[in-house]
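Okay, work.cif is below, mmCIF, C-alpha atoms and all ligand atoms:
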```
data_work
loop_
_atom_site.group_PDB
_atom_site.id
_atom_site.type_symbol
_atom_site.label_atom_id
_atom_site.label_comp_id
_atom_site.auth_asym_id
_atom_site.auth_seq_id
_atom_site.Cartn_x
_atom_site.Cartn_y
_atom_site.Cartn_z
ATOM 1 C CA MET N 1 0.000 0.000 0.000
ATOM 2 C CA LEU N 2 2.900 2.408 0.721
ATOM 3 C CA LYS N 3 5.516 0.997 -1.644
ATOM 4 C CA GLY N 4 7.540 3.830 -3.168
ATOM 5 C CA LYS N 5 6.682 6.162 -0.273
ATOM 6 C CA VAL N 6 8.936 7.373 2.524
ATOM 7 C CA ALA N 7 7.582 7.647 6.059
ATOM 8 C CA LEU N 8 9.355 9.625 8.759
ATOM 9 C CA VAL N 9 8.131 8.938 12.287
ATOM 10 C CA THR N 10 9.434 11.144 15.075
ATOM 11 C CA GLY N 11 9.938 9.616 18.505
ATOM 12 C CA SER N 12 10.009 6.114 17.048
ATOM 13 C CA THR N 13 12.701 4.457 19.152
ATOM 14 C CA SER N 14 9.998 3.418 21.601
ATOM 15 C CA GLY N 15 6.294 2.946 22.249
ATOM 16 C CA ILE N 16 3.673 4.220 19.815
ATOM 17 C CA GLY N 17 6.172 5.680 17.323
ATOM 18 C CA LEU N 18 8.051 2.410 16.944
ATOM 19 C CA ALA N 19 4.800 0.535 16.302
ATOM 20 C CA ILE N 20 3.780 3.144 13.698
ATOM 21 C CA ALA N 21 7.181 2.943 11.968
ATOM 22 C CA ARG N 22 6.929 -0.850 11.806
ATOM 23 C CA GLY N 23 3.326 -0.606 10.596
ATOM 24 C CA MET N 24 4.324 1.750 7.755
ATOM 25 C CA ALA N 25 7.283 -0.504 6.861
ATOM 26 C CA ALA N 26 4.973 -3.535 6.742
ATOM 27 C CA GLN N 27 3.095 -1.673 3.972
ATOM 28 C CA GLY N 28 6.333 -1.217 1.998
ATOM 29 C CA ALA N 29 7.356 2.343 2.928
ATOM 30 C CA ASP N 30 10.993 3.250 3.429
ATOM 31 C CA ILE N 31 11.414 4.638 6.906
ATOM 32 C CA CYS N 32 13.279 7.240 8.926
ATOM 33 C CA ILE N 33 13.150 6.556 12.634
ATOM 34 C CA ASN N 34 14.062 9.163 15.255
ATOM 35 C CA GLY N 35 14.308 9.442 19.008
ATOM 36 C CA PHE N 36 16.607 8.865 21.926
ATOM 37 C CA GLY N 37 17.881 5.687 23.536
ATOM 38 C CA ASP N 38 20.687 3.202 23.713
ATOM 39 C CA ALA N 39 22.635 3.221 20.409
ATOM 40 C CA ALA N 40 22.803 -0.568 20.127
ATOM 41 C CA ALA N 41 19.084 -0.952 20.841
ATOM 42 C CA ILE N 42 18.234 1.700 18.229
ATOM 43 C CA GLU N 43 20.473 -0.001 15.649
ATOM 44 C CA LYS N 44 18.700 -3.292 16.408
ATOM 45 C CA GLU N 45 15.306 -1.674 15.761
ATOM 46 C CA ARG N 46 16.577 0.027 12.581
ATOM 47 C CA SER N 47 18.135 -3.110 11.075
ATOM 48 C CA GLY N 48 15.136 -5.158 12.265
ATOM 49 C CA ILE N 49 12.790 -2.944 10.226
ATOM 50 C CA GLU N 50 14.972 -3.482 7.137
ATOM 51 C CA SER N 51 15.227 -7.245 7.536
ATOM 52 C CA ASP N 52 11.631 -7.855 8.664
ATOM 53 C CA PHE N 53 10.016 -5.825 5.884
ATOM 54 C CA GLY N 54 12.595 -5.563 3.056
ATOM 55 C CA VAL N 55 12.579 -1.747 3.089
ATOM 56 C CA LYS N 56 15.261 0.885 3.666
ATOM 57 C CA CYS N 57 15.390 2.331 7.162
ATOM 58 C CA ILE N 58 17.587 5.159 8.390
ATOM 59 C CA TYR N 59 17.940 6.628 11.870
ATOM 60 C CA ASP N 60 18.205 10.356 12.573
ATOM 61 C CA GLY N 61 18.941 11.336 16.174
ATOM 62 C CA ALA N 62 17.572 14.895 15.879
ATOM 63 C CA ASP N 63 16.728 16.479 19.221
ATOM 64 C CA LEU N 64 13.243 17.782 18.496
ATOM 65 C CA SER N 65 13.366 20.334 21.263
ATOM 66 C CA LYS N 66 15.493 22.245 18.725
ATOM 67 C CA GLY N 67 13.856 23.655 15.589
ATOM 68 C CA PRO N 68 17.013 23.579 13.433
ATOM 69 C CA ASP N 69 17.531 19.863 14.303
ATOM 70 C CA ALA N 70 13.974 19.089 13.200
ATOM 71 C CA GLU N 71 14.486 20.920 9.903
ATOM 72 C CA ALA N 72 17.831 19.212 9.288
ATOM 73 C CA MET N 73 16.232 15.788 9.849
ATOM 74 C CA ILE N 74 13.704 16.449 7.071
ATOM 75 C CA ALA N 75 16.483 17.615 4.714
ATOM 76 C CA ASN N 76 18.588 14.559 5.603
ATOM 77 C CA THR N 77 15.693 12.179 4.916
ATOM 78 C CA ILE N 78 14.872 13.803 1.572
ATOM 79 C CA LYS N 79 18.565 13.612 0.618
ATOM 80 C CA THR N 80 19.016 9.990 1.716
ATOM 81 C CA LEU N 81 15.646 8.392 0.907
ATOM 82 C CA GLY N 82 14.416 10.836 -1.757
ATOM 83 C CA SER N 83 11.317 12.251 -0.071
ATOM 84 C CA VAL N 84 9.151 12.596 3.004
ATOM 85 C CA ASP N 85 5.684 11.495 1.890
ATOM 86 C CA VAL N 86 4.251 10.488 5.245
ATOM 87 C CA LEU N 87 5.257 12.633 8.204
ATOM 88 C CA VAL N 88 4.230 11.300 11.591
ATOM 89 C CA ASN N 89 4.809 13.837 14.360
ATOM 90 C CA ASN N 90 4.769 11.583 17.358
ATOM 91 C CA ALA N 91 7.648 12.506 19.699
ATOM 92 C CA GLY N 92 6.392 13.610 23.062
ATOM 93 C CA ILE N 93 7.178 13.835 26.737
ATOM 94 C CA GLN N 94 5.087 14.321 29.847
ATOM 95 C CA PHE N 95 5.547 16.109 33.159
ATOM 96 C CA VAL N 96 3.044 16.001 36.004
ATOM 97 C CA SER N 97 2.914 18.729 38.640
ATOM 98 C CA PRO N 98 0.499 21.201 40.220
ATOM 99 C CA ILE N 99 0.738 24.432 38.230
ATOM 100 C CA GLU N 100 2.151 26.481 41.100
ATOM 101 C CA ASP N 101 5.155 24.126 41.264
ATOM 102 C CA PHE N 102 5.403 23.454 37.518
ATOM 103 C CA PRO N 103 9.004 24.241 36.476
ATOM 104 C CA PRO N 104 8.963 26.876 33.675
ATOM 105 C CA GLU N 105 11.780 25.019 31.877
ATOM 106 C CA LYS N 106 9.564 21.889 31.756
ATOM 107 C CA TRP N 107 6.771 23.979 30.236
ATOM 108 C CA ASP N 108 9.167 25.248 27.542
ATOM 109 C CA GLN N 109 10.516 21.747 26.867
ATOM 110 C CA ILE N 110 7.060 20.177 26.508
ATOM 111 C CA ILE N 111 5.804 22.947 24.221
ATOM 112 C CA ALA N 112 8.993 22.585 22.120
ATOM 113 C CA ILE N 113 8.901 18.785 21.764
ATOM 114 C CA ASN N 114 5.145 18.090 21.769
ATOM 115 C CA LEU N 115 4.024 21.088 19.690
ATOM 116 C CA SER N 116 6.700 23.257 18.068
ATOM 117 C CA SER N 117 8.618 20.301 16.609
ATOM 118 C CA ALA N 118 5.556 19.398 14.514
ATOM 119 C CA PHE N 119 5.505 22.941 13.152
ATOM 120 C CA HIS N 120 9.206 22.758 12.239
ATOM 121 C CA THR N 121 9.016 19.333 10.553
ATOM 122 C CA THR N 122 5.787 20.129 8.678
ATOM 123 C CA ARG N 123 7.152 23.476 7.545
ATOM 124 C CA ALA N 124 10.284 21.773 6.220
ATOM 125 C CA ALA N 125 8.469 18.872 4.512
ATOM 126 C CA PHE N 126 5.520 20.738 3.001
ATOM 127 C CA ALA N 127 7.106 22.087 -0.210
ATOM 128 C CA ASN N 128 8.204 18.567 -1.171
ATOM 129 C CA MET N 129 4.690 17.194 -0.542
ATOM 130 C CA LYS N 130 3.084 20.041 -2.495
ATOM 131 C CA ALA N 131 5.411 19.449 -5.452
ATOM 132 C CA LYS N 132 4.466 15.756 -5.472
ATOM 133 C CA LYS N 133 0.759 16.556 -5.033
ATOM 134 C CA TRP N 134 0.625 13.890 -2.324
ATOM 135 C CA GLY N 135 1.360 13.936 1.357
ATOM 136 C CA ARG N 136 0.217 12.713 4.725
ATOM 137 C CA VAL N 137 0.772 14.537 8.001
ATOM 138 C CA ILE N 138 -0.284 12.436 10.963
ATOM 139 C CA ASN N 139 0.102 13.982 14.386
ATOM 140 C CA THR N 140 -0.025 11.880 17.524
ATOM 141 C CA ALA N 141 -2.118 14.122 19.757
ATOM 142 C CA SER N 142 -3.980 12.682 22.752
ATOM 143 C CA ALA N 143 -7.337 12.598 24.483
ATOM 144 C CA HIS N 144 -5.705 15.608 26.131
ATOM 145 C CA ALA N 145 -6.163 17.471 22.823
ATOM 146 C CA LEU N 146 -9.889 17.422 23.632
ATOM 147 C CA VAL N 147 -10.183 17.382 27.412
ATOM 148 C CA ALA N 148 -7.916 18.288 30.326
ATOM 149 C CA SER N 149 -6.658 16.540 33.433
ATOM 150 C CA PRO N 150 -5.251 18.351 36.446
ATOM 151 C CA PHE N 151 -1.462 18.671 36.889
ATOM 152 C CA LYS N 152 -0.703 18.380 33.157
ATOM 153 C CA SER N 153 -0.859 22.047 32.145
ATOM 154 C CA ALA N 154 1.944 21.981 29.569
ATOM 155 C CA TYR N 155 0.967 18.648 28.024
ATOM 156 C CA VAL N 156 -2.719 19.542 27.693
ATOM 157 C CA SER N 157 -1.824 22.938 26.215
ATOM 158 C CA ALA N 158 0.590 21.399 23.693
ATOM 159 C CA LYS N 159 -1.915 18.733 22.668
ATOM 160 C CA HIS N 160 -4.766 21.243 22.233
ATOM 161 C CA GLY N 161 -2.276 23.248 20.142
ATOM 162 C CA ILE N 162 -1.453 20.293 17.917
ATOM 163 C CA ALA N 163 -5.152 19.882 17.124
ATOM 164 C CA GLY N 164 -5.186 23.471 15.855
ATOM 165 C CA LEU N 165 -1.997 22.985 13.852
ATOM 166 C CA THR N 166 -3.463 19.822 12.297
ATOM 167 C CA LYS N 167 -6.599 21.650 11.110
ATOM 168 C CA THR N 168 -4.568 24.543 9.680
ATOM 169 C CA VAL N 169 -2.205 22.226 7.788
ATOM 170 C CA ALA N 170 -5.214 20.289 6.465
ATOM 171 C CA LEU N 171 -6.680 23.459 4.968
ATOM 172 C CA GLU N 172 -3.356 24.489 3.422
ATOM 173 C CA GLY N 173 -2.801 21.044 1.910
ATOM 174 C CA ALA N 174 -6.357 20.341 0.770
ATOM 175 C CA THR N 175 -5.912 21.140 -2.917
ATOM 176 C CA PHE N 176 -2.484 19.505 -3.084
ATOM 177 C CA GLY N 177 -3.432 15.928 -2.223
ATOM 178 C CA ILE N 178 -2.078 16.421 1.286
ATOM 179 C CA THR N 179 -4.090 15.373 4.325
ATOM 180 C CA ALA N 180 -3.377 16.207 7.953
ATOM 181 C CA ASN N 181 -5.016 14.431 10.856
ATOM 182 C CA ALA N 182 -4.489 14.039 14.578
ATOM 183 C CA ILE N 183 -4.770 10.715 16.363
ATOM 184 C CA CYS N 184 -5.978 11.084 19.937
ATOM 185 C CA PRO N 185 -5.158 8.023 22.012
ATOM 186 C CA GLY N 186 -6.376 7.458 25.513
ATOM 187 C CA TYR N 187 -3.936 5.698 27.821
ATOM 188 C CA VAL N 188 -1.585 3.382 25.989
ATOM 189 C CA TRP N 189 0.818 1.266 28.034
ATOM 190 C CA THR N 190 4.234 2.672 26.986
ATOM 191 C CA PRO N 191 7.289 4.023 28.849
ATOM 192 C CA LEU N 192 5.695 7.516 28.769
ATOM 193 C CA VAL N 193 2.777 6.316 30.894
ATOM 194 C CA GLU N 194 4.912 4.142 33.140
ATOM 195 C CA LYS N 195 7.244 7.080 33.925
ATOM 196 C CA GLN N 196 4.430 9.394 35.058
ATOM 197 C CA ILE N 197 3.136 6.972 37.676
ATOM 198 C CA PRO N 198 5.589 7.999 40.446
ATOM 199 C CA ASP N 199 4.852 11.728 39.895
ATOM 200 C CA THR N 200 1.113 11.126 39.872
ATOM 201 C CA MET N 201 1.488 9.078 43.071
ATOM 202 C CA ALA N 202 3.260 12.069 44.648
ATOM 203 C CA ALA N 203 0.926 14.756 43.225
ATOM 204 C CA ARG N 204 -2.227 12.928 44.342
ATOM 205 C CA GLY N 205 -0.920 10.979 47.360
ATOM 206 C CA LEU N 206 -1.875 7.586 45.873
ATOM 207 C CA THR N 207 -0.327 4.118 45.562
ATOM 208 C CA ARG N 208 0.844 2.708 42.199
ATOM 209 C CA GLU N 209 -2.245 0.463 41.941
ATOM 210 C CA GLN N 210 -4.537 3.389 42.750
ATOM 211 C CA VAL N 211 -2.912 5.495 40.013
ATOM 212 C CA ILE N 212 -3.329 2.713 37.433
ATOM 213 C CA ASN N 213 -6.903 1.787 38.332
ATOM 214 C CA ASP N 214 -8.387 4.968 39.813
ATOM 215 C CA VAL N 215 -6.632 7.654 37.723
ATOM 216 C CA LEU N 216 -5.509 6.164 34.414
ATOM 217 C CA LEU N 217 -8.048 3.456 33.678
ATOM 218 C CA ASP N 218 -10.760 5.383 35.521
ATOM 219 C CA ALA N 219 -10.849 7.704 32.497
ATOM 220 C CA GLN N 220 -11.439 4.854 30.067
ATOM 221 C CA PRO N 221 -14.885 3.229 30.083
ATOM 222 C CA THR N 222 -13.388 0.069 28.529
ATOM 223 C CA LYS N 223 -11.065 -0.214 31.599
ATOM 224 C CA GLN N 224 -8.301 -1.341 29.268
ATOM 225 C CA PHE N 225 -5.179 0.296 27.928
ATOM 226 C CA VAL N 226 -5.190 1.033 24.184
ATOM 227 C CA THR N 227 -2.448 -0.960 22.403
ATOM 228 C CA VAL N 228 0.333 0.463 20.258
ATOM 229 C CA GLU N 229 -0.752 -1.872 17.442
ATOM 230 C CA GLU N 230 -4.228 -0.303 17.397
ATOM 231 C CA ILE N 231 -2.687 3.169 17.043
ATOM 232 C CA ALA N 232 -0.327 1.965 14.308
ATOM 233 C CA SER N 233 -3.192 0.420 12.391
ATOM 234 C CA LEU N 234 -5.112 3.732 12.429
ATOM 235 C CA ALA N 235 -2.003 5.634 11.293
ATOM 236 C CA VAL N 236 -1.453 3.192 8.418
ATOM 237 C CA TYR N 237 -5.087 3.610 7.368
ATOM 238 C CA LEU N 238 -4.752 7.409 7.385
ATOM 239 C CA ALA N 239 -1.624 7.108 5.228
ATOM 240 C CA GLY N 240 -3.458 5.114 2.557
ATOM 241 C CA ASP N 241 -5.367 6.358 -0.480
ATOM 242 C CA MET N 242 -8.726 5.219 0.943
ATOM 243 C CA ALA N 243 -8.305 7.924 3.617
ATOM 244 C CA LYS N 244 -7.748 10.765 1.148
ATOM 245 C CA SER N 245 -10.989 12.525 2.153
ATOM 246 C CA ILE N 246 -10.213 12.352 5.861
ATOM 247 C CA THR N 247 -8.414 15.586 6.613
ATOM 248 C CA GLY N 248 -8.424 18.085 9.448
ATOM 249 C CA SER N 249 -9.855 15.393 11.691
ATOM 250 C CA VAL N 250 -9.042 14.923 15.328
ATOM 251 C CA ILE N 251 -9.703 11.225 15.754
ATOM 252 C CA SER N 252 -10.235 9.602 19.144
ATOM 253 C CA ILE N 253 -8.976 6.108 19.933
ATOM 254 C CA ASP N 254 -9.526 6.211 23.655
ATOM 255 C CA GLY N 255 -11.814 3.416 24.832
ATOM 256 C CA GLY N 256 -14.686 5.911 25.170
ATOM 257 C CA TRP N 257 -12.858 8.392 27.434
ATOM 258 C CA THR N 258 -13.936 11.564 25.624
ATOM 259 C CA ALA N 259 -17.499 10.292 25.080
ATOM 260 C CA GLU N 260 -18.188 10.842 28.760
HETATM 261 P P1 LIG N 301 7.503 6.917 24.664
HETATM 262 O O1 LIG N 301 8.162 7.581 25.815
HETATM 263 O O2 LIG N 301 7.487 5.429 24.574
HETATM 264 O O3 LIG N 301 8.090 7.467 23.295
HETATM 265 C C1 LIG N 301 8.424 8.826 23.119
HETATM 266 C C2 LIG N 301 9.405 8.913 21.984
HETATM 267 O O4 LIG N 301 9.765 10.290 21.809
HETATM 268 C C3 LIG N 301 10.710 8.148 22.236
HETATM 269 O O5 LIG N 301 11.168 7.576 21.038
HETATM 270 C C4 LIG N 301 11.653 9.263 22.690
HETATM 271 O O6 LIG N 301 13.032 8.971 22.483
HETATM 272 C C5 LIG N 301 11.183 10.399 21.786
HETATM 273 N N1 LIG N 301 11.615 11.704 22.237
HETATM 274 C C6 LIG N 301 11.480 12.271 23.465
HETATM 275 N N2 LIG N 301 12.076 13.483 23.485
HETATM 276 C C7 LIG N 301 12.580 13.679 22.233
HETATM 277 C C8 LIG N 301 13.314 14.731 21.632
HETATM 278 N N3 LIG N 301 13.655 15.841 22.305
HETATM 279 N N4 LIG N 301 13.701 14.589 20.349
HETATM 280 C C9 LIG N 301 13.371 13.466 19.647
HETATM 281 N N5 LIG N 301 12.687 12.444 20.168
HETATM 282 C C10 LIG N 301 12.296 12.555 21.452
HETATM 283 O O7 LIG N 301 6.018 7.500 24.661
HETATM 284 P P2 LIG N 301 4.690 7.101 23.855
HETATM 285 O O8 LIG N 301 3.662 6.811 24.869
HETATM 286 O O9 LIG N 301 4.967 6.135 22.769
HETATM 287 O O10 LIG N 301 4.341 8.531 23.252
HETATM 288 C C11 LIG N 301 4.354 8.832 21.870
HETATM 289 C C12 LIG N 301 3.361 9.944 21.605
HETATM 290 O O11 LIG N 301 2.060 9.483 21.939
HETATM 291 C C13 LIG N 301 3.598 11.214 22.423
HETATM 292 O O12 LIG N 301 3.367 12.353 21.620
HETATM 293 C C14 LIG N 301 2.544 11.114 23.509
HETATM 294 O O13 LIG N 301 2.169 12.371 24.005
HETATM 295 C C15 LIG N 301 1.422 10.455 22.745
HETATM 296 N N6 LIG N 301 0.411 9.805 23.586
HETATM 297 C C16 LIG N 301 0.751 8.784 24.408
HETATM 298 C C17 LIG N 301 -0.240 8.204 25.188
HETATM 299 C C18 LIG N 301 0.044 7.074 26.119
HETATM 300 O O14 LIG N 301 -0.826 6.744 26.922
HETATM 301 N N7 LIG N 301 1.200 6.438 26.054
HETATM 302 C C19 LIG N 301 -1.558 8.677 25.122
HETATM 303 C C20 LIG N 301 -1.847 9.739 24.278
HETATM 304 C C21 LIG N 301 -0.855 10.297 23.503
#
```

Could you write out this structure as structure tokens?
Amino acid sequence: MLKGKVALVTGSTSGIGLAIARGMAAQGADICINGFGDAAAIEKERSGIESDFGVKCIYDGADLSKGPDAEAMIANTIKTLGSVDVLVNNAGIQFVSPIEDFPPEKWDQIIAINLSSAFHTTRAAFANMKAKKWGRVINTASAHALVASPFKSAYVSAKHGIAGLTKTVALEGATFGITANAICPGYVWTPLVEKQIPDTMAARGLTREQVINDVLLDAQPTKQFVTVEEIASLAVYLAGDMAKSITGSVISIDGGWTAE
């Protein structure tokens, strides 16, 4: 389905991004993965994508808190793989704290990685997509693009922002065969969720089990975590030609969370 296309997935050394990168590769796309982590583990993921799916896969270690790094990653991918046809802006971090104690540098970092990086990558990739009259921008937003939770001021603000960016990019790309959509997962069991448990325990004075059952899964009527494979499958669908009329959409995949 994506043979001859190049997909760049930010924050794909782990969690949702890695599943999306593998999902795109399974459809025949060449891939650029990005993110932090142990060099040997990243190389294993990169070479695994090549050998499992018979596609090319490069790694770019751009630090997406820095605009120039994000731009350079797009240029590097176009130079090495020929294009960026599917851009998945997925990199993200979380920080949990009451607003009066929220460190301003954490606010800046979350806005930079979770929101501004998608502006920088889209800006850099858009001319190439327009010239080809085909493109897909898929932003990993969150249920927190639609509703808030306490103690996540920066994250909720960044995710609401990405919904606005998605709609704007959709309008600008509409006559060029470019779609832009935001995927809004509920809680997915990944390192990002696991890492926020201790802070949520501290912020709310709860045990680990209480955080999992009474805070995280409490939000989801299904009482189950969403899986990374489910998110990847939606992203792959949005990348395909059958999704060409879906644009500017903010799509929930949250076990019913935002229906309440
Ligand atoms: P994760 O921690 O497993 O993965 C985050 C990825 O982003 C990693 O590859 C990490 O190296 C990368 N990253 C972090 N800082 C970076 C930087 N400065 N530059 C480049 N890469 C950087 O988390 P995840 O749960 O897979 O999250 C992926 C996306 O999904 C995020 O945008 C997150 O907000 C969103 N999301 C996650 C959940 C969830 O429950 N896990 C729910 C809704 C939305």

Please, which residues in stretch 46-103 of chain N fall within 12 Å of stretch 184-192 of chain N when counting only C-alpha atoms, and what is the closest atom pair and distance in Å to one decimal for each, ordered by chain then residue number, as a tab-separated table?
```
residue	atom	partner	partner_atom	distance
N:Asn90	CA	N:Cys184	CA	11.1
N:Ala91	CA	N:Leu192	CA	10.5
N:Gly92	CA	N:Leu192	CA	8.4
N:Ile93	CA	N:Leu192	CA	6.8
N:Gln94	CA	N:Leu192	CA	6.9
N:Phe95	CA	N:Leu192	CA	9.7
N:Val96	CA	N:Leu192	CA	11.5
```

Just so the selection is clear, what residues does the PyMOL selection byres (((chain N and resi 244-256) around 9) and not hetatm) cover here, as a PyMOL selection string? chain N and resi 136+141-143+145-146+163-164+166-171+174+177-188+219-226+230-231+234+238-243+257-260

Padding of 8 Å on every side, edges along x, y and z, all listed atoms of stretch 198-208 of chain N included: what centre and edge lengths in Å, to one decimal, does that box have, as JSON?
```
{"center_x": 1.7, "center_y": 8.7, "center_z": 43.6, "size_x": 23.8, "size_y": 28.0, "size_z": 23.5}
```

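Using all atoms listed in the file, the nearest neighbour of N:Glu172 within the list N:Thr122, N:Ser65, N:Thr207, N:Asn139 is N:Thr122.
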
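Nearest to ligand LIG 301 (chain N) of all the residues N:Ala158, N:Val86, N:Ala127, N:Ile31 is N:Ala158, counting only C-alpha atoms and all ligand atoms.
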
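The list of residues with at least one atom within 12 Å of stretch 103-109 of chain N, based on all atoms listed in the file and without residues fewer than 4 positions apart in the same chain, reads Asp63, Leu64, Ser65, Lys66, Gly67, Gly92, Ile93, Gln94, Phe95, Val96, Ser97, Pro98, Ile99, Ile113, Asn114, Leu115, Ser116, Ser117, Phe151, Lys152, Ser153, Ala154, Tyr155, Val156, Ser157 and Ala158 of chain N.
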
Those selected residues, please, written with C-alpha atoms and delivered as an mmCIF file, keeping the file's coordinate frame.
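The file below, part_34.cif, is the result:
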```cif
data_model
loop_
_atom_site.group_PDB
_atom_site.id
_atom_site.type_symbol
_atom_site.label_atom_id
_atom_site.label_comp_id
_atom_site.auth_asym_id
_atom_site.auth_seq_id
_atom_site.Cartn_x
_atom_site.Cartn_y
_atom_site.Cartn_z
ATOM 1 C CA ASP N 63 16.728 16.479 19.221
ATOM 2 C CA LEU N 64 13.243 17.782 18.496
ATOM 3 C CA SER N 65 13.366 20.334 21.263
ATOM 4 C CA LYS N 66 15.493 22.245 18.725
ATOM 5 C CA GLY N 67 13.856 23.655 15.589
ATOM 6 C CA GLY N 92 6.392 13.610 23.062
ATOM 7 C CA ILE N 93 7.178 13.835 26.737
ATOM 8 C CA GLN N 94 5.087 14.321 29.847
ATOM 9 C CA PHE N 95 5.547 16.109 33.159
ATOM 10 C CA VAL N 96 3.044 16.001 36.004
ATOM 11 C CA SER N 97 2.914 18.729 38.640
ATOM 12 C CA PRO N 98 0.499 21.201 40.220
ATOM 13 C CA ILE N 99 0.738 24.432 38.230
ATOM 14 C CA ILE N 113 8.901 18.785 21.764
ATOM 15 C CA ASN N 114 5.145 18.090 21.769
ATOM 16 C CA LEU N 115 4.024 21.088 19.690
ATOM 17 C CA SER N 116 6.700 23.257 18.068
ATOM 18 C CA SER N 117 8.618 20.301 16.609
ATOM 19 C CA PHE N 151 -1.462 18.671 36.889
ATOM 20 C CA LYS N 152 -0.703 18.380 33.157
ATOM 21 C CA SER N 153 -0.859 22.047 32.145
ATOM 22 C CA ALA N 154 1.944 21.981 29.569
ATOM 23 C CA TYR N 155 0.967 18.648 28.024
ATOM 24 C CA VAL N 156 -2.719 19.542 27.693
ATOM 25 C CA SER N 157 -1.824 22.938 26.215
ATOM 26 C CA ALA N 158 0.590 21.399 23.693
#
```

Starting from the PyMOL selection byres (((chain N and resi 61) around 8) and not hetatm), expand the selection into actual residues of this file and give them as a list in words. Asn34, Gly35, Phe36, Tyr59, Asp60, Ala62 and Asp63 of chain N

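Taken over the whole file, the PyMOL selection byres (((chain N and resi 82) around 10) and not hetatm) covers exactly Gly4, Lys5, Val6, Asp30, Ala75, Asn76, Thr77, Ile78, Lys79, Thr80, Leu81, Ser83, Val84, Asp85 and Asn128 of chain N.
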
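Shell of N:Ser47 at 12 Å, with only C-alpha atoms counted and residues fewer than 2 places along the chain excluded, is Arg22, Ala25, Ile31, Cys32, Ile33, Ala40, Ala41, Ile42, Glu43, Lys44, Glu45, Ile49, Glu50, Ser51, Asp52, Phe53, Gly54, Val55, Lys56, Cys57, Ile58 and Tyr59 of chain N.
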
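Closest approach to N:Thr140 from the set N:Asn89, N:Asn213, N:Thr13, N:Thr175 is made by N:Asn89, with distances taken over only C-alpha atoms.
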
Taken to one decimal, the atom CA of N:Met73-atom CA of N:Lys3 distance is 21.6 Å

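Here atom O11 of ligand LIG 301 (chain N) stands at a distance of 18.9 Å from atom CA of N:Pro198.
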
Between atom C10 of ligand LIG 301 (chain N) and atom CA of N:Phe176, what is the distance in Å, rounded to a tenth? 29.5 Å

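The shortest atom-to-atom distance to ligand LIG 301 (chain N), with only C-alpha atoms and all ligand atoms taken into account, belongs to N:Thr227 out of N:Thr200, N:Thr227, N:Ser149, N:Gln27.
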
Min atom-atom distance to ligand LIG 301 (chain N) from the set N:Leu87, N:Ala70, N:Leu2, N:Ala235, counting all atoms listed in the file, belongs to N:Ala70
